[in-house]
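Colleague: Sharing a structure here in structure tokens format.
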Amino acid sequence: MSERVIPLVDHRMRTLTAPLPAQAVPATGWLSDGLGRPLRDLRISVTDRCNFRCSYCMPKSVFDNDYAYLPHSALLSFEEITRVARSFVAHGVQKIRLTGGEPLLRKHIEVLIAQLAALRTPEGRPLDLTLTTNGSLLRKKAKALKDAGLHRVTVSLDGLDDATFRAMNDVDFPVADVLDGLEAAREVGLGAPVNGGPSGLKINMVVKRGTNDDQILPMARHFRGSGTVLRFIEYMDVGATNGWRMDEVLPSAEVVQRIHAELPLVQLDPSAPGETAERWGYVGANGQHDPALGEIGVISSVTQAFCGDCNRARLSTEGKLYLCLFATEGHDLRSLIRGTPAPDGSLHAPASEAELASAIGAIWQGRTDRYSQLRASLPPDVSVGTGKRVEMSYIGG
Ligand code: SAM
Ligand code: SF4
Ligand code: SF4
């Protein structure tokens, strides 16, 4: 059957300017988009490079020796990232996640963490500061990260079977080294509960049917009662290079069923509005959730759209603001803060703090993105949009 395409967008990887709006949008700590969704969560990609080649993210066939990564001059400096982040925080962002590529490959990342850890919300509270990593460099970096003020960490791990894991990262990286990195994170205190909630350590496992779904139960058994929250992510059609197929998606409902059949689960309340993961707790001897056994999370990005309360913005490695994981275009904040020519050739002086806040505010106010919802409303053989979607390694997960 040939795939039909409904052209909801008709541009390709365009860069949009971030114009200064005619009317100022001052930062008040509360900003609402075109669908009434607040801005609460900022994900910052600090590098587009990675030492893994997970086939669902950076397949070797595309990300080979000839791949043109961004030159260092294109990257936002730590000071630039912090400046942009400060503006987002003034608009209501409470949580910042550093990601990539592999964020621990960015040199002296702990310096950036220290700068971000010093930011305060308009109410004077510290941010919820976290980082997603493949864990390969955690043993080396965990202490510096913790000392710099990182609160918690999410480690991506797609299985416990060494052969399966080596095949998935496609660079023959052993699973034992990631588990050792996790241990290092625990030793330095990155696993401590944050604000009385569950552990600060989380594991992300992307599930691909036929590739690593046999790892669901071994992973559940391993992390049950360990103080680490294991989260299963549906394999998503992000980017344009991973050759995504619906028949390789294992719906979260099936993940829960498989685990529940051996290790009974009960559904838990969401921990925060806009939370992407549905929470399920392990049941103890009394038939109730036993906090000592912990919980799992399932992120059903494909089978259950959660656009309705999506409060996440993404800042790319080179300073473009993306309003959706599936966006085809980003708003160029770098030209704005550097005062260099914008994509449309226009030139302006480096933006002041108020101007930067206004530009970010106006962009968020104009946001109507809801890719997953649109896709869910279409038949399975129809794609949303024709634009070339941005890669996950470039804007981060
Ligand atoms: N390199 C770091 C890591 O792997 O944790 C951070 C960047 S990675 C892009 C962030 C998250 O996106 C990871 O947990 C990864 O498993 C997830 N991811 C990447 N491609 C995906 C896909 N096609 N579907 C679902 N999750 C994906
Ligand atoms: Fe690298 Fe993370 Fe993408 Fe894997 S998921 S290729 S570790 S950026
Ligand atoms: Fe948010 Fe876009 Fe994902 Fe919807 S598809 S939840 S708008 S990132």
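Residue numbers start at 1 in each chain; chains themselves are named A, B, ... in the order of the structure tokens; ligands are numbered from 1 in the order shown.
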Skipping near chain neighbours, those fewer than 5 positions away, what residues fall within 10 Å of range 208-220 of chain A using only C-alpha atoms, listed as a PyMOL selection string?

Modeller: chain A and resi 56+157-161+164-165+167-168+203+225+229-236+245-251+255-256+258-260+262-263+295-296

Colleague: With N, CA and C atoms retained, could you export that selection as an mmCIF file, in the first residue's frame?

Modeller:
data_model
loop_
_atom_site.group_PDB
_atom_site.id
_atom_site.type_symbol
_atom_site.label_atom_id
_atom_site.label_comp_id
_atom_site.auth_asym_id
_atom_site.auth_seq_id
_atom_site.Cartn_x
_atom_site.Cartn_y
_atom_site.Cartn_z
ATOM 1 N N TYR A 56 17.623 3.776 16.179
ATOM 2 C CA TYR A 56 16.378 4.551 16.173
ATOM 3 C C TYR A 56 16.619 6.050 16.269
ATOM 4 N N LEU A 157 18.865 3.094 28.673
ATOM 5 C CA LEU A 157 19.383 1.721 28.680
ATOM 6 C C LEU A 157 18.325 0.819 28.052
ATOM 7 N N ASP A 158 18.668 0.193 26.937
ATOM 8 C CA ASP A 158 17.644 -0.512 26.158
ATOM 9 C C ASP A 158 17.603 -2.015 26.404
ATOM 10 N N GLY A 159 18.365 -2.511 27.379
ATOM 11 C CA GLY A 159 18.300 -3.939 27.686
ATOM 12 C C GLY A 159 19.440 -4.326 28.595
ATOM 13 N N LEU A 160 19.333 -5.514 29.198
ATOM 14 C CA LEU A 160 20.394 -6.002 30.082
ATOM 15 C C LEU A 160 21.255 -7.051 29.399
ATOM 16 N N ASP A 161 20.702 -7.664 28.361
ATOM 17 C CA ASP A 161 21.463 -8.670 27.638
ATOM 18 C C ASP A 161 22.571 -7.965 26.848
ATOM 19 N N THR A 164 22.347 -7.880 22.970
ATOM 20 C CA THR A 164 21.250 -7.016 22.499
ATOM 21 C C THR A 164 21.646 -5.554 22.657
ATOM 22 N N PHE A 165 22.215 -5.213 23.819
ATOM 23 C CA PHE A 165 22.571 -3.816 24.070
ATOM 24 C C PHE A 165 23.665 -3.343 23.108
ATOM 25 N N ALA A 167 24.260 -4.429 20.175
ATOM 26 C CA ALA A 167 23.682 -4.287 18.829
ATOM 27 C C ALA A 167 22.863 -3.011 18.736
ATOM 28 N N MET A 168 22.165 -2.657 19.815
ATOM 29 C CA MET A 168 21.318 -1.456 19.756
ATOM 30 C C MET A 168 22.134 -0.177 19.754
ATOM 31 N N ILE A 203 15.560 5.394 34.441
ATOM 32 C CA ILE A 203 16.102 4.696 33.273
ATOM 33 C C ILE A 203 15.087 4.837 32.151
ATOM 34 N N GLY A 225 12.388 -2.503 43.065
ATOM 35 C CA GLY A 225 12.926 -2.443 44.428
ATOM 36 C C GLY A 225 14.324 -1.842 44.507
ATOM 37 N N VAL A 229 13.565 4.405 38.886
ATOM 38 C CA VAL A 229 12.311 4.299 38.128
ATOM 39 C C VAL A 229 12.637 3.940 36.679
ATOM 40 N N LEU A 230 12.085 2.817 36.245
ATOM 41 C CA LEU A 230 12.308 2.367 34.864
ATOM 42 C C LEU A 230 11.142 2.849 34.003
ATOM 43 N N ARG A 231 11.465 3.529 32.899
ATOM 44 C CA ARG A 231 10.403 4.054 32.034
ATOM 45 C C ARG A 231 10.549 3.474 30.630
ATOM 46 N N PHE A 232 9.444 2.983 30.124
ATOM 47 C CA PHE A 232 9.428 2.377 28.795
ATOM 48 C C PHE A 232 8.889 3.402 27.804
ATOM 49 N N ILE A 233 9.632 3.628 26.731
ATOM 50 C CA ILE A 233 9.229 4.629 25.740
ATOM 51 C C ILE A 233 8.854 3.942 24.442
ATOM 52 N N GLU A 234 7.702 4.272 23.917
ATOM 53 C CA GLU A 234 7.336 3.745 22.598
ATOM 54 C C GLU A 234 8.283 4.304 21.543
ATOM 55 N N TYR A 235 8.727 3.433 20.667
ATOM 56 C CA TYR A 235 9.615 3.823 19.562
ATOM 57 C C TYR A 235 8.869 4.832 18.686
ATOM 58 N N MET A 236 9.469 6.031 18.538
ATOM 59 C CA MET A 236 8.759 7.132 17.869
ATOM 60 C C MET A 236 9.281 7.405 16.464
ATOM 61 N N ARG A 245 8.815 2.192 11.489
ATOM 62 C CA ARG A 245 7.641 1.455 10.999
ATOM 63 C C ARG A 245 6.714 1.172 12.183
ATOM 64 N N MET A 246 5.422 1.360 11.944
ATOM 65 C CA MET A 246 4.445 1.183 13.027
ATOM 66 C C MET A 246 4.507 -0.238 13.602
ATOM 67 N N ASP A 247 4.815 -1.227 12.750
ATOM 68 C CA ASP A 247 4.783 -2.597 13.286
ATOM 69 C C ASP A 247 5.956 -2.878 14.238
ATOM 70 N N GLU A 248 6.890 -1.930 14.348
ATOM 71 C CA GLU A 248 7.975 -2.093 15.333
ATOM 72 C C GLU A 248 7.660 -1.389 16.660
ATOM 73 N N VAL A 249 6.507 -0.719 16.700
ATOM 74 C CA VAL A 249 6.104 -0.056 17.947
ATOM 75 C C VAL A 249 5.388 -1.074 18.824
ATOM 76 N N LEU A 250 5.832 -1.216 20.050
ATOM 77 C CA LEU A 250 5.129 -2.086 20.995
ATOM 78 C C LEU A 250 4.346 -1.164 21.936
ATOM 79 N N PRO A 251 3.005 -1.171 21.831
ATOM 80 C CA PRO A 251 2.225 -0.213 22.625
ATOM 81 C C PRO A 251 2.484 -0.369 24.125
ATOM 82 N N VAL A 255 3.242 -3.410 27.231
ATOM 83 C CA VAL A 255 4.351 -3.449 28.195
ATOM 84 C C VAL A 255 3.785 -3.675 29.597
ATOM 85 N N VAL A 256 2.758 -2.878 29.943
ATOM 86 C CA VAL A 256 2.156 -2.978 31.284
ATOM 87 C C VAL A 256 1.575 -4.377 31.487
ATOM 88 N N ARG A 258 2.412 -7.220 30.055
ATOM 89 C CA ARG A 258 3.455 -8.253 30.186
ATOM 90 C C ARG A 258 4.051 -8.247 31.587
ATOM 91 N N ILE A 259 4.322 -7.033 32.119
ATOM 92 C CA ILE A 259 4.930 -6.964 33.455
ATOM 93 C C ILE A 259 3.911 -7.381 34.507
ATOM 94 N N HIS A 260 2.682 -6.873 34.363
ATOM 95 C CA HIS A 260 1.619 -7.139 35.349
ATOM 96 C C HIS A 260 1.358 -8.644 35.489
ATOM 97 N N GLU A 262 3.420 -10.970 35.562
ATOM 98 C CA GLU A 262 4.376 -11.601 36.480
ATOM 99 C C GLU A 262 4.548 -10.816 37.784
ATOM 100 N N LEU A 263 4.542 -9.492 37.664
ATOM 101 C CA LEU A 263 4.787 -8.621 38.818
ATOM 102 C C LEU A 263 3.618 -7.634 38.885
ATOM 103 N N GLU A 295 8.215 1.828 41.216
ATOM 104 C CA GLU A 295 7.235 2.028 40.143
ATOM 105 C C GLU A 295 7.911 1.998 38.788
ATOM 106 N N ILE A 296 7.092 1.862 37.773
ATOM 107 C CA ILE A 296 7.587 2.029 36.397
ATOM 108 C C ILE A 296 6.795 3.180 35.761
#

Colleague: Residues near Leu75 in chain A, anyone? I mean within 12 Å using only C-alpha atoms, not counting same-chain ones fewer than 5 positions away, as a list in words.

Modeller: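 That gives Ile44, Ser45, Val46, Thr47, Asp48, Arg49, Tyr69, Leu70, Glu80, Ile81, Arg106, Leu315, Ser316, Thr317, Glu318, Gly319, Lys320, Leu333, Arg334, Ser335, Arg338 and Tyr394 of chain A.
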
Colleague: Give one line per residue of chain A that approaches ligand 3 to at most 10 Å, naming the two atoms of the closest pair and their distance in Å to one decimal, counting only C-alpha atoms and all ligand atoms; sort by chain then ascending residue number and deliver it as JSON lines.

Modeller:
{"residue": "A:Arg37", "atom": "CA", "partner": "ligand 3", "partner_atom_place_in_ligand_line": "7 (S)", "distance": 9.9}
{"residue": "A:Val238", "atom": "CA", "partner": "ligand 3", "partner_atom_place_in_ligand_line": "5 (S)", "distance": 9.6}
{"residue": "A:Gly274", "atom": "CA", "partner": "ligand 3", "partner_atom_place_in_ligand_line": "6 (S)", "distance": 8.9}
{"residue": "A:Thr276", "atom": "CA", "partner": "ligand 3", "partner_atom_place_in_ligand_line": "6 (S)", "distance": 7.9}
{"residue": "A:Ser301", "atom": "CA", "partner": "ligand 3", "partner_atom_place_in_ligand_line": "3 (Fe)", "distance": 6.9}
{"residue": "A:Val302", "atom": "CA", "partner": "ligand 3", "partner_atom_place_in_ligand_line": "5 (S)", "distance": 9.0}
{"residue": "A:Gln304", "atom": "CA", "partner": "ligand 3", "partner_atom_place_in_ligand_line": "6 (S)", "distance": 9.6}
{"residue": "A:Ala305", "atom": "CA", "partner": "ligand 3", "partner_atom_place_in_ligand_line": "6 (S)", "distance": 6.4}
{"residue": "A:Phe306", "atom": "CA", "partner": "ligand 3", "partner_atom_place_in_ligand_line": "6 (S)", "distance": 4.8}
{"residue": "A:Cys307", "atom": "CA", "partner": "ligand 3", "partner_atom_place_in_ligand_line": "4 (Fe)", "distance": 3.5}
{"residue": "A:Gly308", "atom": "CA", "partner": "ligand 3", "partner_atom_place_in_ligand_line": "6 (S)", "distance": 7.3}
{"residue": "A:Asp309", "atom": "CA", "partner": "ligand 3", "partner_atom_place_in_ligand_line": "6 (S)", "distance": 7.5}
{"residue": "A:Cys310", "atom": "CA", "partner": "ligand 3", "partner_atom_place_in_ligand_line": "1 (Fe)", "distance": 4.6}
{"residue": "A:Asn311", "atom": "CA", "partner": "ligand 3", "partner_atom_place_in_ligand_line": "1 (Fe)", "distance": 7.1}
{"residue": "A:Arg312", "atom": "CA", "partner": "ligand 3", "partner_atom_place_in_ligand_line": "1 (Fe)", "distance": 6.4}
{"residue": "A:Ala313", "atom": "CA", "partner": "ligand 3", "partner_atom_place_in_ligand_line": "8 (S)", "distance": 8.0}
{"residue": "A:Arg314", "atom": "CA", "partner": "ligand 3", "partner_atom_place_in_ligand_line": "8 (S)", "distance": 8.9}
{"residue": "A:Tyr322", "atom": "CA", "partner": "ligand 3", "partner_atom_place_in_ligand_line": "8 (S)", "distance": 9.1}
{"residue": "A:Leu323", "atom": "CA", "partner": "ligand 3", "partner_atom_place_in_ligand_line": "8 (S)", "distance": 7.0}
{"residue": "A:Cys324", "atom": "CA", "partner": "ligand 3", "partner_atom_place_in_ligand_line": "2 (Fe)", "distance": 3.8}
{"residue": "A:Leu325", "atom": "CA", "partner": "ligand 3", "partner_atom_place_in_ligand_line": "8 (S)", "distance": 4.3}
{"residue": "A:Phe326", "atom": "CA", "partner": "ligand 3", "partner_atom_place_in_ligand_line": "2 (Fe)", "distance": 5.8}
{"residue": "A:Ala327", "atom": "CA", "partner": "ligand 3", "partner_atom_place_in_ligand_line": "2 (Fe)", "distance": 7.4}
{"residue": "A:Arg367", "atom": "CA", "partner": "ligand 3", "partner_atom_place_in_ligand_line": "7 (S)", "distance": 9.1}
{"residue": "A:Thr368", "atom": "CA", "partner": "ligand 3", "partner_atom_place_in_ligand_line": "7 (S)", "distance": 7.9}
{"residue": "A:Asp369", "atom": "CA", "partner": "ligand 3", "partner_atom_place_in_ligand_line": "7 (S)", "distance": 4.9}
{"residue": "A:Arg370", "atom": "CA", "partner": "ligand 3", "partner_atom_place_in_ligand_line": "7 (S)", "distance": 4.0}
{"residue": "A:Tyr371", "atom": "CA", "partner": "ligand 3", "partner_atom_place_in_ligand_line": "5 (S)", "distance": 4.2}
{"residue": "A:Ser372", "atom": "CA", "partner": "ligand 3", "partner_atom_place_in_ligand_line": "5 (S)", "distance": 4.2}
{"residue": "A:Gln373", "atom": "CA", "partner": "ligand 3", "partner_atom_place_in_ligand_line": "4 (Fe)", "distance": 6.5}
{"residue": "A:Leu374", "atom": "CA", "partner": "ligand 3", "partner_atom_place_in_ligand_line": "5 (S)", "distance": 8.6}
{"residue": "A:Arg375", "atom": "CA", "partner": "ligand 3", "partner_atom_place_in_ligand_line": "5 (S)", "distance": 8.8}
{"residue": "A:Gly397", "atom": "CA", "partner": "ligand 3", "partner_atom_place_in_ligand_line": "8 (S)", "distance": 9.4}

Colleague: Counting only C-alpha atoms and all ligand atoms, which residue out of A:Val155, A:Ala184, A:Leu201, A:Val111 sits closest to ligand 1?

Modeller: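 Checking each candidate against ligand 1, we get A:Val155 as the closest.
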
Colleague: May I ask for the distance between CA of Gly287 in chain A and CA of Glu275 in chain A, given in Å to one decimal place?

Modeller: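 That distance, rounded to one decimal, is 25.9 Å.
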
Colleague: Would you list the residues that come within 7 Å of ligand 1? Count only C-alpha atoms and all ligand atoms and give the answer as a count of residues only.

Modeller: 28

Colleague: Report the distance between CA of Gln257 in chain A and CA of Arg166 in chain A in Å, rounded to one decimal place.

Modeller: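 Atom-to-atom, CA of Gln257 in chain A and CA of Arg166 in chain A are spaced 27.0 Å apart.
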
Colleague: Which residue, A:Ala142, A:Ile395, A:Ile337, A:Ala359, has the smallest gap to ligand 2 when you use only C-alpha atoms and all ligand atoms?

Modeller: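 When distances to ligand 2 are compared using only C-alpha atoms and all ligand atoms, the smallest one comes from A:Ile395.
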
Colleague: Neighbours of Leu145 in chain A within 9 Å (only C-alpha atoms; same-chain residues fewer than 6 positions away dropped), as an MDAnalysis selection string?

Modeller: chainID A and resid 109:111 113:114 151 190

Colleague: Take the selection from the previous step and output its residues with N, CA and C atoms, as a tab-separated table (two decimals), in the first residue's frame.

Modeller:
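Result written to out26.tsv:
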chain	number	residue	atom	x	y	z
A	109	ILE	N	30.87	20.40	30.83
A	109	ILE	CA	29.42	20.57	30.97
A	109	ILE	C	29.05	20.98	32.40
A	110	GLU	N	29.89	20.59	33.36
A	110	GLU	CA	29.59	20.93	34.75
A	110	GLU	C	29.61	22.45	34.98
A	111	VAL	N	30.36	23.17	34.14
A	111	VAL	CA	30.38	24.63	34.27
A	111	VAL	C	29.00	25.19	33.91
A	113	ILE	N	26.20	23.50	34.12
A	113	ILE	CA	25.28	23.07	35.18
A	113	ILE	C	25.33	24.03	36.36
A	114	ALA	N	26.53	24.44	36.74
A	114	ALA	CA	26.66	25.37	37.87
A	114	ALA	C	25.95	26.69	37.56
A	151	HIS	N	20.53	17.91	39.97
A	151	HIS	CA	19.67	17.26	40.97
A	151	HIS	C	19.49	15.78	40.68
A	190	LEU	N	23.10	11.18	43.22
A	190	LEU	CA	22.15	11.60	42.18
A	190	LEU	C	20.88	10.75	42.20

Colleague: Which residues, written as a list in words, have at least one atom at most 10 Å from Gly345 in chain A, with only C-alpha atoms counted and residues fewer than 4 positions away on the same chain left out?

Modeller: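 After dropping sequence-adjacent residues, the list is Thr17, Thr340 and Pro341 of chain A.
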
Colleague: Pick out the residues sitting within 9 Å of Leu116 in chain A, and hand them over as a ChimeraX atom specification; count only C-alpha atoms, and ignore anything fewer than 6 positions along from it in its own chain.

Modeller: /A:81-82,85-86,96,127,129,149

Colleague: Identify, with DSSP run on backbone atoms, the residues in range 49-132 of chain A assigned to alpha helix (DSSP H), and express the list as number ranges by chain.

Modeller: A: 78-90, 109-117

Colleague: Using only C-alpha atoms and all ligand atoms, pick whichever of A:Cys54, A:Leu104, A:Ala362, A:Val207 has the shortest atom-to-atom distance to ligand 2.

Modeller: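 When distances to ligand 2 are compared using only C-alpha atoms and all ligand atoms, the smallest one comes from A:Cys54.
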